file structure_19.cif (mmCIF, C-alpha atoms)
data_my_file
#
loop_
_atom_site.label_atom_id
_atom_site.label_comp_id
_atom_site.auth_asym_id
_atom_site.auth_seq_id
_atom_site.Cartn_x
_atom_site.Cartn_y
_atom_site.Cartn_z
CA MET Z 1 -6.85 -0.52 -4.58
CA LEU Z 2 -6.24 2.89 -6.03
CA GLY Z 3 -3.80 2.48 -8.87
CA THR Z 4 -1.53 0.18 -6.91
CA ASP Z 5 -1.52 -2.72 -9.29
CA ASP Z 6 -0.82 -1.96 -12.92
CA GLU Z 7 -2.11 -5.34 -14.01
CA GLU Z 8 -5.55 -5.21 -12.36
CA VAL Z 9 -7.10 -2.31 -14.24
CA GLN Z 10 -8.54 -2.40 -17.69
CA PRO Z 11 -6.56 -0.72 -20.45
CA LEU Z 12 -8.01 2.43 -21.89
CA PRO Z 13 -9.36 1.89 -25.36
CA ARG Z 14 -7.90 4.14 -28.03
CA PRO Z 15 -10.79 6.18 -29.43
CA ALA Z 16 -11.95 5.12 -32.83
CA VAL Z 17 -10.06 6.78 -35.63
CA ALA Z 18 -13.22 7.83 -37.42
CA ALA Z 19 -16.84 6.84 -37.37
CA ALA Z 20 -17.72 4.35 -40.02
CA PRO Z 21 -19.39 6.14 -42.90
CA THR Z 22 -22.96 5.37 -43.71
CA ALA Z 23 -24.54 5.50 -47.11
CA LYS Z 24 -26.18 8.78 -46.06
CA ASP Z 25 -22.89 10.34 -44.94
CA GLY Z 26 -21.05 9.46 -48.12
CA PRO Z 27 -17.33 8.70 -48.16
CA PRO Z 28 -15.26 10.18 -45.30
CA SER Z 29 -13.50 13.44 -46.09
CA ARG Z 30 -9.71 13.20 -46.31
CA TRP Z 31 -9.60 16.47 -44.35
CA THR Z 32 -11.39 15.17 -41.28
CA SER Z 33 -10.34 11.51 -41.23
CA GLY Z 34 -8.03 10.70 -38.35
CA HIS Z 35 -7.78 10.90 -34.60
CA VAL Z 36 -7.93 14.35 -32.99
CA PRO Z 37 -6.22 14.06 -29.58
CA GLY Z 38 -8.59 15.02 -26.76
CA GLU Z 39 -11.76 17.04 -27.19
CA VAL Z 40 -12.41 18.88 -30.47
CA GLY Z 41 -13.73 21.87 -28.49
CA LEU Z 42 -10.40 22.19 -26.70
CA TRP Z 43 -8.62 22.42 -30.06
CA ILE Z 44 -10.80 25.38 -31.03
CA PHE Z 45 -9.68 27.09 -27.83
CA ILE Z 46 -6.04 26.09 -28.38
CA LEU Z 47 -5.93 27.36 -31.97
CA GLY Z 48 -7.62 30.61 -30.89
CA ASP Z 49 -5.11 30.97 -28.06
CA MET Z 50 -2.21 30.39 -30.45
CA LEU Z 51 -3.64 33.06 -32.75
CA VAL Z 52 -3.90 35.58 -29.89
CA PHE Z 53 -0.33 34.82 -28.79
CA GLY Z 54 0.75 35.19 -32.43
CA LEU Z 55 -0.62 38.76 -32.27
CA PHE Z 56 1.22 39.30 -28.97
CA PHE Z 57 4.48 38.21 -30.60
CA GLY Z 58 3.90 40.58 -33.53
CA ILE Z 59 3.09 43.47 -31.16
CA PHE Z 60 6.32 42.77 -29.30
CA ILE Z 61 8.46 42.93 -32.46
CA VAL Z 62 6.77 46.18 -33.62
CA GLN Z 63 7.15 47.82 -30.20
CA ARG Z 64 10.78 46.71 -30.15
CA GLY Z 65 11.32 48.53 -33.44
CA ASP Z 66 9.97 51.73 -31.86
CA GLY Z 67 12.42 51.52 -28.96
CA LEU Z 68 15.49 49.49 -29.87
CA GLU Z 69 17.68 50.90 -27.11
CA GLU Z 70 14.92 50.60 -24.50
CA PHE Z 71 14.35 46.95 -25.40
CA ARG Z 72 18.07 46.17 -25.52
CA ALA Z 73 18.50 47.70 -22.06
CA GLY Z 74 15.45 45.81 -20.83
CA ARG Z 75 16.71 42.51 -22.19
CA GLU Z 76 20.03 43.01 -20.43
CA THR Z 77 18.25 43.22 -17.06
CA LEU Z 78 16.72 39.75 -17.60
CA SER Z 79 18.59 36.67 -16.48
CA THR Z 80 19.04 34.54 -19.58
CA GLU Z 81 20.03 31.63 -17.33
CA PHE Z 82 16.54 31.75 -15.80
CA GLY Z 83 14.99 31.78 -19.26
CA VAL Z 84 17.07 28.81 -20.44
CA ALA Z 85 16.38 26.88 -17.22
CA ASN Z 86 12.64 27.52 -17.56
CA THR Z 87 12.67 26.39 -21.19
CA VAL Z 88 14.46 23.15 -20.30
CA LEU Z 89 12.03 22.64 -17.40
CA LEU Z 90 8.97 22.94 -19.64
CA LEU Z 91 10.50 20.73 -22.35
CA THR Z 92 11.23 18.15 -19.66
CA GLY Z 93 7.67 18.48 -18.37
CA SER Z 94 6.45 17.83 -21.90
CA ILE Z 95 8.49 14.66 -22.40
CA LEU Z 96 7.32 13.39 -19.00
CA VAL Z 97 3.71 13.89 -20.13
CA VAL Z 98 4.46 12.10 -23.43
CA LEU Z 99 5.95 9.18 -21.47
CA GLY Z 100 3.04 9.32 -19.02
CA MET Z 101 0.51 9.03 -21.85
CA ARG Z 102 2.49 6.13 -23.30
CA ALA Z 103 2.37 4.46 -19.87
CA VAL Z 104 -1.41 4.97 -19.77
CA ARG Z 105 -1.79 3.31 -23.17
CA GLU Z 106 0.36 0.40 -22.03
CA ASN Z 107 -1.75 0.12 -18.87
CA ARG Z 108 1.17 1.06 -16.58
CA ARG Z 109 -1.05 3.36 -14.58
CA ARG Z 110 1.07 3.74 -11.44
CA LEU Z 111 4.08 4.69 -13.58
CA ALA Z 112 1.86 7.07 -15.57
CA SER Z 113 0.82 8.75 -12.33
CA GLN Z 114 4.46 9.14 -11.26
CA LEU Z 115 5.49 10.60 -14.62
CA LEU Z 116 2.63 13.11 -14.53
CA LEU Z 117 3.61 14.08 -10.98
CA GLY Z 118 7.13 14.63 -12.34
CA ALA Z 119 5.68 16.98 -14.96
CA MET Z 120 3.84 18.84 -12.18
CA ALA Z 121 7.18 19.20 -10.38
CA THR Z 122 8.74 20.86 -13.44
CA GLY Z 123 5.77 23.24 -13.61
CA THR Z 124 6.18 24.08 -9.92
CA MET Z 125 9.89 24.80 -10.44
CA PHE Z 126 9.03 27.02 -13.41
CA ALA Z 127 6.57 29.01 -11.27
CA ILE Z 128 9.15 29.36 -8.48
CA ASP Z 129 11.78 30.55 -10.98
CA LYS Z 130 9.31 33.06 -12.38
CA ALA Z 131 8.42 34.33 -8.89
CA ILE Z 132 12.12 34.80 -8.08
CA GLU Z 133 12.71 36.59 -11.38
CA TRP Z 134 9.73 38.90 -10.94
CA GLY Z 135 10.71 39.51 -7.31
CA GLU Z 136 14.18 40.62 -8.42
CA LYS Z 137 12.69 43.01 -10.97
CA PHE Z 138 10.29 44.58 -8.48
CA GLY Z 139 13.18 44.76 -5.98
CA ASP Z 140 15.17 46.74 -8.55
CA GLY Z 141 12.26 49.14 -9.01
CA LEU Z 142 11.27 47.69 -12.39
CA ASN Z 143 7.54 47.17 -12.88
CA PRO Z 144 4.94 47.09 -15.69
CA GLY Z 145 4.84 50.89 -15.72
CA THR Z 146 8.58 51.37 -16.16
CA ASN Z 147 8.52 51.33 -19.96
CA ASP Z 148 7.06 49.42 -22.94
CA PHE Z 149 9.52 46.54 -22.56
CA TYR Z 150 8.49 45.80 -18.98
CA THR Z 151 4.79 46.35 -19.76
CA LEU Z 152 4.99 43.60 -22.38
CA TYR Z 153 7.32 41.44 -20.27
CA PHE Z 154 5.04 41.36 -17.23
CA ALA Z 155 1.83 41.14 -19.29
CA PHE Z 156 2.88 38.30 -21.62
CA THR Z 157 4.81 36.25 -19.07
CA GLY Z 158 1.94 36.82 -16.61
CA ILE Z 159 -0.66 35.54 -19.08
CA HIS Z 160 1.63 32.59 -19.78
CA LEU Z 161 1.93 31.93 -16.03
CA VAL Z 162 -1.89 31.76 -15.80
CA HIS Z 163 -1.78 29.14 -18.58
CA LEU Z 164 0.85 27.22 -16.62
CA LEU Z 165 -1.28 27.24 -13.47
CA ILE Z 166 -4.30 25.96 -15.44
CA GLY Z 167 -2.02 23.31 -16.92
CA MET Z 168 -0.95 22.27 -13.41
CA VAL Z 169 -4.61 21.81 -12.45
CA ALA Z 170 -5.09 19.73 -15.63
CA LEU Z 171 -2.10 17.58 -14.67
CA GLY Z 172 -3.58 17.12 -11.19
CA VAL Z 173 -6.85 15.91 -12.73
CA MET Z 174 -4.85 13.56 -14.99
CA VAL Z 175 -3.05 12.09 -11.98
CA ARG Z 176 -6.43 11.43 -10.32
CA LEU Z 177 -7.73 9.76 -13.48
CA THR Z 178 -4.73 7.43 -13.68
CA ARG Z 179 -5.37 6.38 -10.07
CA ARG Z 180 -8.97 5.35 -10.64
CA PRO Z 181 -9.38 1.60 -10.24
CA THR Z 182 -11.65 1.39 -13.27
CA PRO Z 183 -11.06 3.78 -16.18
CA GLY Z 184 -14.13 5.80 -17.12
CA GLU Z 185 -15.59 5.96 -20.58
CA HIS Z 186 -14.23 9.44 -21.27
CA ASP Z 187 -10.91 9.10 -19.43
CA GLN Z 188 -8.83 8.74 -22.57
CA ALA Z 189 -10.24 11.92 -24.11
CA LEU Z 190 -9.77 13.81 -20.82
CA LEU Z 191 -6.18 12.59 -20.46
CA GLU Z 192 -5.37 13.55 -24.04
CA SER Z 193 -6.97 16.97 -23.53
CA GLY Z 194 -4.89 17.61 -20.41
CA ALA Z 195 -1.72 16.49 -22.15
CA THR Z 196 -2.45 18.69 -25.17
CA PHE Z 197 -3.01 21.74 -22.97
CA TRP Z 198 0.24 21.10 -21.12
CA HIS Z 199 2.15 20.96 -24.41
CA LEU Z 200 0.51 24.27 -25.39
CA VAL Z 201 2.03 25.86 -22.26
CA ASP Z 202 5.43 24.57 -23.43
CA LEU Z 203 4.86 25.69 -27.04
CA LEU Z 204 3.96 29.29 -26.09
CA TRP Z 205 6.97 29.62 -23.81
CA LEU Z 206 9.25 28.37 -26.61
CA VAL Z 207 8.45 31.64 -28.45
CA LEU Z 208 8.27 33.97 -25.44
CA PHE Z 209 11.75 32.94 -24.27
CA PRO Z 210 13.73 33.98 -27.37
CA LEU Z 211 11.65 37.13 -27.90
CA PHE Z 212 12.33 38.57 -24.46
CA TYR Z 213 15.66 37.00 -23.57
CA LEU Z 214 17.51 36.71 -26.90
CA VAL Z 215 16.30 38.97 -29.70
CA ALA Z 216 14.84 41.93 -27.78
CA MET P 1 10.23 2.73 -17.08
CA GLN P 2 13.02 1.67 -19.45
CA GLN P 3 10.45 -0.08 -21.61
CA ILE P 4 8.32 3.07 -21.80
CA VAL P 5 11.38 5.11 -22.78
CA ARG P 6 12.36 2.48 -25.37
CA ASN P 7 8.86 2.54 -26.85
CA SER P 8 8.97 6.34 -27.00
CA ARG P 9 12.50 6.55 -28.39
CA ALA P 10 11.59 9.04 -31.14
CA SER P 11 9.98 11.43 -28.62
CA VAL P 12 12.97 11.18 -26.28
CA VAL P 13 15.39 11.92 -29.16
CA ILE P 14 13.23 14.93 -30.16
CA TRP P 15 13.24 16.16 -26.55
CA ALA P 16 17.06 15.94 -26.45
CA ALA P 17 17.29 17.79 -29.78
CA LEU P 18 14.95 20.51 -28.47
CA VAL P 19 17.17 21.00 -25.42
CA VAL P 20 20.27 21.23 -27.65
CA ALA P 21 18.45 23.71 -29.94
CA THR P 22 17.57 25.82 -26.87
CA LEU P 23 21.24 25.92 -25.85
CA ALA P 24 22.20 26.76 -29.45
CA SER P 25 19.71 29.66 -29.44
CA TRP P 26 21.19 30.88 -26.17
CA TRP P 27 24.68 30.80 -27.71
CA LEU P 28 23.47 32.63 -30.82
CA GLY P 29 21.71 35.24 -28.69
CA ILE P 30 24.93 35.95 -26.79
CA HIS P 31 27.51 35.70 -29.57
CA GLU P 32 25.55 36.81 -32.63
CA GLY P 33 23.23 39.29 -30.97
CA GLY P 34 25.11 42.26 -32.45
CA ALA P 35 26.70 45.30 -30.90
CA PRO P 36 24.76 48.06 -29.11
CA GLY P 37 22.96 50.10 -31.75
CA ASP P 38 22.51 47.14 -34.09
CA GLY P 39 18.88 46.48 -34.95
CA ALA P 40 18.45 43.20 -36.74
CA THR P 41 21.15 40.58 -36.90
CA VAL P 42 21.58 37.29 -38.72
CA GLY P 43 21.77 35.71 -35.26
CA GLY P 44 18.36 37.18 -34.39
CA VAL P 45 16.74 35.73 -37.50
CA ALA P 46 18.43 32.38 -36.85
CA VAL P 47 17.07 32.36 -33.29
CA LEU P 48 13.53 32.99 -34.59
CA VAL P 49 13.79 30.24 -37.20
CA ILE P 50 15.17 27.74 -34.65
CA THR P 51 12.30 28.73 -32.33
CA PHE P 52 9.63 27.84 -34.86
CA VAL P 53 11.33 24.58 -35.81
CA LYS P 54 11.08 23.73 -32.10
CA VAL P 55 7.42 24.79 -32.04
CA TRP P 56 6.73 22.56 -35.05
CA PHE P 57 8.27 19.53 -33.35
CA VAL P 58 6.36 20.13 -30.10
CA GLY P 59 3.09 20.42 -32.00
CA ARG P 60 3.67 17.60 -34.44
CA HIS P 61 5.18 15.05 -32.04
CA PHE P 62 4.25 15.95 -28.48
CA MET P 63 0.71 17.18 -29.23
CA ASP P 64 0.23 14.26 -31.64
CA ILE P 65 -0.82 16.53 -34.49
CA ARG P 66 1.14 14.30 -36.89
CA GLU P 67 -1.44 11.53 -36.32
CA SER P 68 -4.40 13.88 -36.47
CA THR P 69 -6.64 15.00 -39.31
CA LEU P 70 -5.26 16.62 -42.44
CA LEU P 71 -7.26 19.73 -41.51
CA LEU P 72 -5.53 20.13 -38.13
CA ARG P 73 -2.12 19.31 -39.61
CA THR P 74 -2.60 21.93 -42.32
CA ILE P 75 -3.79 24.62 -39.90
CA PHE P 76 -0.86 23.97 -37.57
CA ASP P 77 1.77 23.88 -40.33
CA ALA P 78 0.36 27.09 -41.84
CA TYR P 79 0.44 28.75 -38.40
CA VAL P 80 4.09 27.85 -37.87
CA VAL P 81 5.26 28.91 -41.35
CA LEU P 82 3.20 32.11 -41.57
CA LEU P 83 3.95 33.31 -38.04
CA CYS P 84 7.67 32.56 -38.38
CA THR P 85 7.80 34.41 -41.72
CA ALA P 86 5.77 37.35 -40.39
CA LEU P 87 7.93 37.75 -37.28
CA CYS P 88 11.18 37.51 -39.28
CA VAL P 89 9.94 40.13 -41.77
CA LEU P 90 8.72 42.42 -38.96
CA TYR P 91 12.03 41.96 -37.16
CA LEU P 92 14.00 42.96 -40.26
CA VAL P 93 11.69 45.82 -41.32
CA THR P 94 11.29 47.44 -37.90
CA SER P 95 14.95 47.24 -36.84
#
call {"tool": "encode", "arguments": {"input": "structure_19.cif", "output": "structure tokens"}}
result
Amino acid sequence: MLGTDDEEVQPLPRPAVAAAPTAKDGPPSRWTSGHVPGEVGLWIFILGDMLVFGLFFGIFIVQRGDGLEEFRAGRETLSTEFGVANTVLLLTGSILVVLGMRAVRENRRRLASQLLLGAMATGTMFAIDKAIEWGEKFGDGLNPGTNDFYTLYFAFTGIHLVHLLIGMVALGVMVRLTRRPTPGEHDQALLESGATFWHLVDLLWLVLFPLFYLVA
Amino acid sequence: MQQIVRNSRASVVIWAALVVATLASWWLGIHEGGAPGDGATVGGVAVLVITFVKVWFVGRHFMDIRESTLLLRTIFDAYVVLLCTALCVLYLVTS
């Protein structure tokens, strides 16, 4: 049966910490010994993404310096309550994924599936909040062409929203994996990759929120 | 479920601390954000520092970087420290 009995499925093996060194390889490097969660290729993307967002954050601060009053006025049109609620939603989504991954490791696969669905619910609520917030801005005649503040606001939160939607797809794939009767060979790496990407969505928002809603 | 939470107690405590830090940032943004015309404020710098402490915890604990390779841990720690410093300096210089 599909993920209905936590005791029937085989536990996922934790990937080996590091391949055993051979005489040819020499001793393992202290820099590369250890377990990288998920796929190494995903980490290259994640670190690149974090670098690009780092540039975005710097651009925001510099542009703010060129238009302090414009950015202050822009900030005051944003609903800080929405920003706080969205931050708490994504943090909650992250802890649900952490608990979900713990449930996977303890072979509680039905519970893992439920926790990951809970994380998807927080992502859905975030997207709804964002749609309401954007709708209010457009309703008030504020759009990306209004001034530099709104150009950056719509661009950066829009790019983040795309990340969130990709993260939701990843969570959906993770739910399917936890419901498989027999875990596949690469399931653990795929689950860890999905979880890592979801935490990235949280991490990026943690910086976007104070920039736009608090220090602008 | 209770067992899973018990076994992940450290992560749950960190999540609660991150929520409290978010509320603290909100308070700082409202009460220490400065008067109209003010550029940089101590509250603004504090909000940025709190933000990157939160980022560090999410990366280290939720993304499991703390159990990863020294290379990844070093890259991530350097990212957090350098970006936080750069943004704080830019914030102060451009205000």
call {"tool": "interface_residues", "arguments": {"input": "structure_19.cif", "of": "chain Z", "to": "chain P", "cutoff": "8 Å", "atoms": "all atoms listed in the file", "output": "PyMOL selection string"}}
result
chain Z and resi 30-37+54+57-58+61-62+64-66+68-69+72+80+84+87-88+91-92+94-95+98-99+102-103+111+195-196+199+203+206-207+210+214-215
call {"tool": "resolve_selection", "arguments": {"input": "structure_19.cif", "expression": "the PyMOL selection byres ((chain Z and resi 116) around 8)", "output": "VMD selection string"}}
result
chain Z and resid 96 to 97 100 112 to 115 117 to 120 171 174 to 175
call {"tool": "atom_distance", "arguments": {"input": "structure_19.cif", "atom1": "atom CA of Leu211 of chain Z", "atom2": "atom CA of Ile44 of chain Z"}}
result
25.5 Å
call {"tool": "residues_around", "arguments": {"input": "structure_19.cif", "residues": "segment 134-146 of chain Z", "least_positions_apart": "6", "cutoff": "9 Å", "atoms": "only C-alpha atoms", "output": "PyMOL selection string"}}
result
chain Z and resi 77-78+152-155
call {"tool": "atom_distance", "arguments": {"input": "structure_19.cif", "atom1": "atom CA of Thr157 of chain Z", "atom2": "atom CA of Met101 of chain Z"}}
result
27.7 Å
call {"tool": "closest_atom_pairs", "arguments": {"input": "structure_19.cif", "of": "segment 156-181 of chain Z", "to": "segment 185-188 of chain Z", "cutoff": "10 Å", "atoms": "only C-alpha atoms", "output": "Markdown table"}}
result
| residue | atom | partner | partner_atom | distance |
| --- | --- | --- | --- | --- |
| Z:Met174 | CA | Z:Asp187 | CA | 8.7 |
| Z:Leu177 | CA | Z:Asp187 | CA | 6.8 |
| Z:Thr178 | CA | Z:Asp187 | CA | 8.6 |
| Z:Arg180 | CA | Z:Asp187 | CA | 9.8 |
call {"tool": "atom_distance", "arguments": {"input": "structure_19.cif", "atom1": "atom CA of Val104 of chain Z", "atom2": "atom CA of Leu204 of chain Z"}}
result
25.7 Å
call {"tool": "axis_aligned_box", "arguments": {"input": "structure_19.cif", "around": "segment 80-85 of chain Z", "padding_each_side": "4 Å", "output": "lines of an AutoDock Vina configuration file"}}
result
center_x = 17.5
center_y = 30.7
center_z = -18.1
size_x = 13.0
size_y = 15.7
size_z = 12.6
call {"tool": "residues_around", "arguments": {"input": "structure_19.cif", "residues": "Gly194 of chain Z", "least_positions_apart": "3", "cutoff": "6 Å", "atoms": "all atoms listed in the file", "output": "PyMOL selection string"}}
result
chain Z and resi 170+191+197
